[in-house]
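Presented below is the structure to which this report refers.
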Amino acid sequence: MISRRRFVPGIMRAAIRLRSVLRRPRFVRGPRIEHPFDAPIVRVGDLTLRPHRLTAADAEAWFELQSNPDVVRYLPWKLRTREQSLQHLRDRTRHTRLWQAGDFLALAIEREGRMIGDVSAHLRTVSPDDRVVEVGWLISPDESGHGYATRAAETLIDYAFEVIRATRVIAVIHPRNARSRALAQRLGFVRMVSGGDLTEFVLTAAQRHELAAHPVEQIRHVA
Ligand SMILES: CC(C)(COP(=O)(O)OP(=O)(O)OC[C@H]1O[C@@H](n2cnc3c(N)ncnc32)[C@H](O)[C@@H]1OP(=O)(O)O)[C@@H](O)C(=O)NCCC(=O)NCCS
């Protein structure tokens, strides 16, 4: 376990947050959506989606994921040491607001009091006519194969459509990432653009509504 003394006290966290805000002031970062959306806490069955926390338990769980080659294989992440993983988690605790293009929101997936994965939403464009949110998903290999990542992703996608008012939700997936492709297809994403190492999958609000008539449990073998 990581010593609790290594965690940053609240006042320092506030200072770090202030520093990051000062580094990239919002007024130079393009148009905003109507108002900011702060990270929700959502309960869906036995899963809770909530902002990341800088606790010993979350740091340990995050390090397990970040130091596992199978988890990072198709992610734009390197394998991280404990220190690097802790810094990465610290960054994630600050990704809690969507307001301007480029903003990123990350939620931990918690089950039975343990963090088992992560879903994220990246606000790509803000125009109400073409508001695009890119989503990402990640589940611990120990918890894989039970539909948890699908359920968490589905919840975030509904949030993107219904709350953020996205017109399209996209997912960018490595062609060899078969489990991620299967997950996207379970959720109704359609493969759009393939280029180099990545394939873009798209889900429109209309496709999502169409799918809502067919719960994920019933269509999970489509992929
Ligand atoms: C991509 C990733 C999240 C997929 O995880 P997963 O375990 O396949 O996804 P789920 O947790 O939704 O589980 C799906 C499985 O549960 C089954 N399942 C059971 N109940 C289910 C339900 N109610 N709903 C959906 N699926 C259900 C599915 O049929 C599927 O079974 P399978 O393993 O036989 O194919 C995971 O492989 C991962 O984290 N990879 C590393 C990180 C990564 O590459 N992320 C993607 C970047 S683009």
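Here's how to read the names in the structure tokens: chain A, B, ... by the order shown, residue numbers from 1 in each chain, ligand numbers from 1 in the order shown.
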
*ligand 1: which residues are within 7 Å, counting only C-alpha atoms and all ligand atoms, as a ChimeraX atom specification?*
/A:70-75,136-141,143-151,171-174,177,179-180,183,216-217,220-221

Using DSSP on the backbone, list every residue of range 21-212 of chain A that comes out as alpha helix (DSSP H), and give them as a CSV table (one decimal) with N, CA and C atoms, in the first residue's frame.
chain,number,residue,atom,x,y,z
A,21,VAL,N,-5.1,26.1,-13.8
A,21,VAL,CA,-6.0,27.1,-14.4
A,21,VAL,C,-5.2,28.3,-14.9
A,22,LEU,N,-4.2,28.7,-14.2
A,22,LEU,CA,-3.4,29.9,-14.6
A,22,LEU,C,-2.6,29.6,-15.9
A,23,ARG,N,-2.2,28.3,-16.0
A,23,ARG,CA,-1.4,28.0,-17.1
A,23,ARG,C,-2.2,28.1,-18.4
A,56,ALA,N,-5.7,6.4,-0.8
A,56,ALA,CA,-4.8,5.3,-0.9
A,56,ALA,C,-5.4,4.2,-1.7
A,57,ALA,N,-6.7,3.9,-1.5
A,57,ALA,CA,-7.3,2.8,-2.2
A,57,ALA,C,-7.4,3.0,-3.7
A,58,ASP,N,-7.8,4.2,-4.0
A,58,ASP,CA,-7.9,4.5,-5.5
A,58,ASP,C,-6.5,4.6,-6.1
A,59,ALA,N,-5.5,5.1,-5.4
A,59,ALA,CA,-4.2,5.1,-5.9
A,59,ALA,C,-3.6,3.7,-6.2
A,60,GLU,N,-3.9,2.8,-5.3
A,60,GLU,CA,-3.5,1.4,-5.4
A,60,GLU,C,-4.2,0.8,-6.6
A,61,ALA,N,-5.5,1.0,-6.7
A,61,ALA,CA,-6.2,0.4,-7.8
A,61,ALA,C,-5.8,1.0,-9.2
A,62,TRP,N,-5.5,2.3,-9.2
A,62,TRP,CA,-5.1,3.0,-10.4
A,62,TRP,C,-3.7,2.5,-10.8
A,63,PHE,N,-2.8,2.3,-9.9
A,63,PHE,CA,-1.5,1.8,-10.2
A,63,PHE,C,-1.6,0.4,-10.7
A,64,GLU,N,-2.4,-0.4,-10.2
A,64,GLU,CA,-2.6,-1.8,-10.7
A,64,GLU,C,-3.0,-1.8,-12.2
A,65,LEU,N,-3.9,-0.8,-12.5
A,65,LEU,CA,-4.3,-0.7,-14.0
A,65,LEU,C,-3.1,-0.2,-14.8
A,66,GLN,N,-2.5,0.9,-14.3
A,66,GLN,CA,-1.5,1.6,-15.1
A,66,GLN,C,-0.2,0.8,-15.2
A,69,PRO,N,0.5,-4.3,-18.6
A,69,PRO,CA,0.6,-4.2,-20.0
A,69,PRO,C,-0.7,-4.5,-20.8
A,70,ASP,N,-1.5,-5.4,-20.3
A,70,ASP,CA,-2.7,-5.8,-21.0
A,70,ASP,C,-3.7,-4.6,-21.0
A,71,VAL,N,-3.7,-3.8,-20.0
A,71,VAL,CA,-4.6,-2.7,-19.9
A,71,VAL,C,-4.2,-1.6,-20.8
A,72,VAL,N,-2.9,-1.3,-20.8
A,72,VAL,CA,-2.5,-0.1,-21.6
A,72,VAL,C,-2.1,-0.4,-23.0
A,82,ARG,N,4.7,3.8,-9.7
A,82,ARG,CA,3.7,4.3,-8.7
A,82,ARG,C,3.7,5.8,-8.7
A,83,GLU,N,4.8,6.4,-8.7
A,83,GLU,CA,4.9,7.9,-8.7
A,83,GLU,C,4.1,8.5,-9.9
A,84,GLN,N,4.4,7.9,-11.0
A,84,GLN,CA,3.8,8.4,-12.3
A,84,GLN,C,2.3,8.2,-12.2
A,85,SER,N,1.9,7.0,-11.7
A,85,SER,CA,0.5,6.7,-11.7
A,85,SER,C,-0.2,7.6,-10.7
A,86,LEU,N,0.4,7.9,-9.6
A,86,LEU,CA,-0.2,8.8,-8.6
A,86,LEU,C,-0.4,10.2,-9.2
A,87,GLN,N,0.6,10.7,-10.0
A,87,GLN,CA,0.5,12.0,-10.7
A,87,GLN,C,-0.6,12.0,-11.7
A,88,HIS,N,-0.7,10.8,-12.4
A,88,HIS,CA,-1.8,10.7,-13.4
A,88,HIS,C,-3.2,10.7,-12.7
A,89,LEU,N,-3.3,10.0,-11.6
A,89,LEU,CA,-4.5,10.0,-10.8
A,89,LEU,C,-4.9,11.4,-10.3
A,90,ARG,N,-3.8,12.1,-9.9
A,90,ARG,CA,-4.0,13.5,-9.4
A,90,ARG,C,-4.6,14.4,-10.5
A,91,ASP,N,-4.0,14.2,-11.7
A,91,ASP,CA,-4.6,14.9,-12.9
A,91,ASP,C,-6.0,14.6,-13.1
A,92,ARG,N,-6.3,13.3,-13.0
A,92,ARG,CA,-7.7,12.8,-13.3
A,92,ARG,C,-8.7,13.4,-12.3
A,93,THR,N,-8.2,13.6,-11.0
A,93,THR,CA,-9.1,14.2,-10.0
A,93,THR,C,-9.5,15.7,-10.4
A,148,TYR,N,-19.8,-4.8,-16.9
A,148,TYR,CA,-19.7,-3.6,-16.1
A,148,TYR,C,-19.2,-2.4,-17.0
A,149,ALA,N,-18.2,-2.6,-17.9
A,149,ALA,CA,-17.7,-1.5,-18.7
A,149,ALA,C,-18.8,-1.1,-19.6
A,150,THR,N,-19.6,-2.0,-20.2
A,150,THR,CA,-20.7,-1.7,-21.1
A,150,THR,C,-21.7,-0.8,-20.3
A,151,ARG,N,-22.1,-1.2,-19.1
A,151,ARG,CA,-23.1,-0.5,-18.4
A,151,ARG,C,-22.6,0.9,-18.0
A,152,ALA,N,-21.3,1.0,-17.6
A,152,ALA,CA,-20.8,2.3,-17.3
A,152,ALA,C,-20.7,3.2,-18.5
A,153,ALA,N,-20.3,2.7,-19.6
A,153,ALA,CA,-20.2,3.4,-20.8
A,153,ALA,C,-21.5,3.9,-21.3
A,154,GLU,N,-22.5,3.0,-21.2
A,154,GLU,CA,-23.8,3.3,-21.6
A,154,GLU,C,-24.4,4.5,-20.8
A,155,THR,N,-24.1,4.5,-19.5
A,155,THR,CA,-24.6,5.5,-18.6
A,155,THR,C,-23.9,6.9,-19.0
A,156,LEU,N,-22.6,6.9,-19.3
A,156,LEU,CA,-22.0,8.1,-19.7
A,156,LEU,C,-22.5,8.6,-21.0
A,157,ILE,N,-22.8,7.7,-21.9
A,157,ILE,CA,-23.3,8.1,-23.2
A,157,ILE,C,-24.7,8.7,-23.1
A,158,ASP,N,-25.5,8.1,-22.3
A,158,ASP,CA,-26.8,8.7,-22.0
A,158,ASP,C,-26.6,10.1,-21.4
A,159,TYR,N,-25.7,10.3,-20.5
A,159,TYR,CA,-25.4,11.6,-19.9
A,159,TYR,C,-24.9,12.6,-21.1
A,160,ALA,N,-24.1,12.1,-22.0
A,160,ALA,CA,-23.6,13.0,-23.1
A,160,ALA,C,-24.8,13.4,-23.9
A,161,PHE,N,-25.7,12.5,-24.2
A,161,PHE,CA,-26.8,12.9,-25.1
A,161,PHE,C,-27.8,13.7,-24.4
A,162,GLU,N,-28.2,13.3,-23.2
A,162,GLU,CA,-29.4,13.9,-22.5
A,162,GLU,C,-29.0,15.2,-21.7
A,178,ALA,N,-10.0,-5.9,-29.8
A,178,ALA,CA,-11.3,-6.6,-30.1
A,178,ALA,C,-12.3,-6.4,-29.1
A,179,ARG,N,-11.9,-6.4,-27.8
A,179,ARG,CA,-12.9,-6.2,-26.7
A,179,ARG,C,-13.5,-4.8,-26.7
A,180,SER,N,-12.7,-3.9,-27.1
A,180,SER,CA,-13.2,-2.5,-27.1
A,180,SER,C,-14.2,-2.3,-28.3
A,181,ARG,N,-13.8,-2.9,-29.4
A,181,ARG,CA,-14.6,-2.9,-30.6
A,181,ARG,C,-16.0,-3.5,-30.3
A,182,ALA,N,-15.9,-4.7,-29.7
A,182,ALA,CA,-17.1,-5.4,-29.3
A,182,ALA,C,-18.0,-4.6,-28.4
A,183,LEU,N,-17.4,-3.9,-27.5
A,183,LEU,CA,-18.2,-3.1,-26.6
A,183,LEU,C,-18.9,-1.9,-27.3
A,184,ALA,N,-18.1,-1.3,-28.2
A,184,ALA,CA,-18.7,-0.2,-29.0
A,184,ALA,C,-19.9,-0.7,-29.8
A,185,GLN,N,-19.7,-1.9,-30.4
A,185,GLN,CA,-20.8,-2.5,-31.3
A,185,GLN,C,-22.0,-2.9,-30.4
A,186,ARG,N,-21.7,-3.4,-29.2
A,186,ARG,CA,-22.9,-3.7,-28.3
A,186,ARG,C,-23.7,-2.5,-28.0
A,205,ALA,N,-27.5,10.5,-31.7
A,205,ALA,CA,-28.6,10.5,-30.8
A,205,ALA,C,-29.8,9.6,-31.3
A,206,ALA,N,-30.0,9.7,-32.7
A,206,ALA,CA,-31.1,8.9,-33.2
A,206,ALA,C,-30.8,7.4,-33.1
A,207,GLN,N,-29.6,7.0,-33.3
A,207,GLN,CA,-29.2,5.6,-33.2
A,207,GLN,C,-29.4,5.2,-31.7
A,208,ARG,N,-29.0,6.1,-30.8
A,208,ARG,CA,-29.1,5.7,-29.4
A,208,ARG,C,-30.6,5.5,-29.0
A,209,HIS,N,-31.4,6.4,-29.5
A,209,HIS,CA,-32.9,6.2,-29.2
A,209,HIS,C,-33.4,4.9,-29.7
A,210,GLU,N,-33.0,4.6,-31.0
A,210,GLU,CA,-33.4,3.4,-31.6
A,210,GLU,C,-33.0,2.2,-30.7
A,211,LEU,N,-31.8,2.3,-30.2
A,211,LEU,CA,-31.3,1.2,-29.4
A,211,LEU,C,-31.9,1.1,-28.0
A,212,ALA,N,-32.4,2.3,-27.5
A,212,ALA,CA,-33.0,2.3,-26.2
A,212,ALA,C,-34.2,1.3,-26.1

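Take CA of Arg53 in chain A and CA of Trp77 in chain A: the distance between them is 19.9 Å.
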
*Secondary structure check, strand (DSSP E or B) residues of range 55-171 of chain A, as a PyMOL selection string*: chain A and resi 96-100+104-111+114-125+132-139+168-171

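Proximity to Leu198 in chain A was assessed for A:Pro128, A:Pro175, A:Gly30, A:Pro36 counting only C-alpha atoms; the smallest distance is recorded for A:Pro175.
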
*Show which residues sit within 7 Å of Arg168 in chain A, as a ChimeraX atom specification. Count only C-alpha atoms, and ignore same-chain residues fewer than 2 positions away.*
/A:131-133,166,170,202-205

Could you take the residues named above and write them with C-alpha atoms, as a compact mmCIF listing (two decimals), in the first residue's frame?
# COMPACT_ATOMS: atom_id res chain seq x y z
CA ARG A 131 -21.69 18.85 -30.48
CA VAL A 132 -19.29 15.93 -30.35
CA VAL A 133 -18.26 14.05 -27.22
CA ALA A 166 -24.30 15.96 -27.76
CA ILE A 170 -17.56 8.99 -30.86
CA VAL A 202 -19.86 6.96 -34.08
CA LEU A 203 -23.20 6.88 -32.31
CA THR A 204 -25.82 9.50 -33.10
CA ALA A 205 -28.65 10.53 -30.80
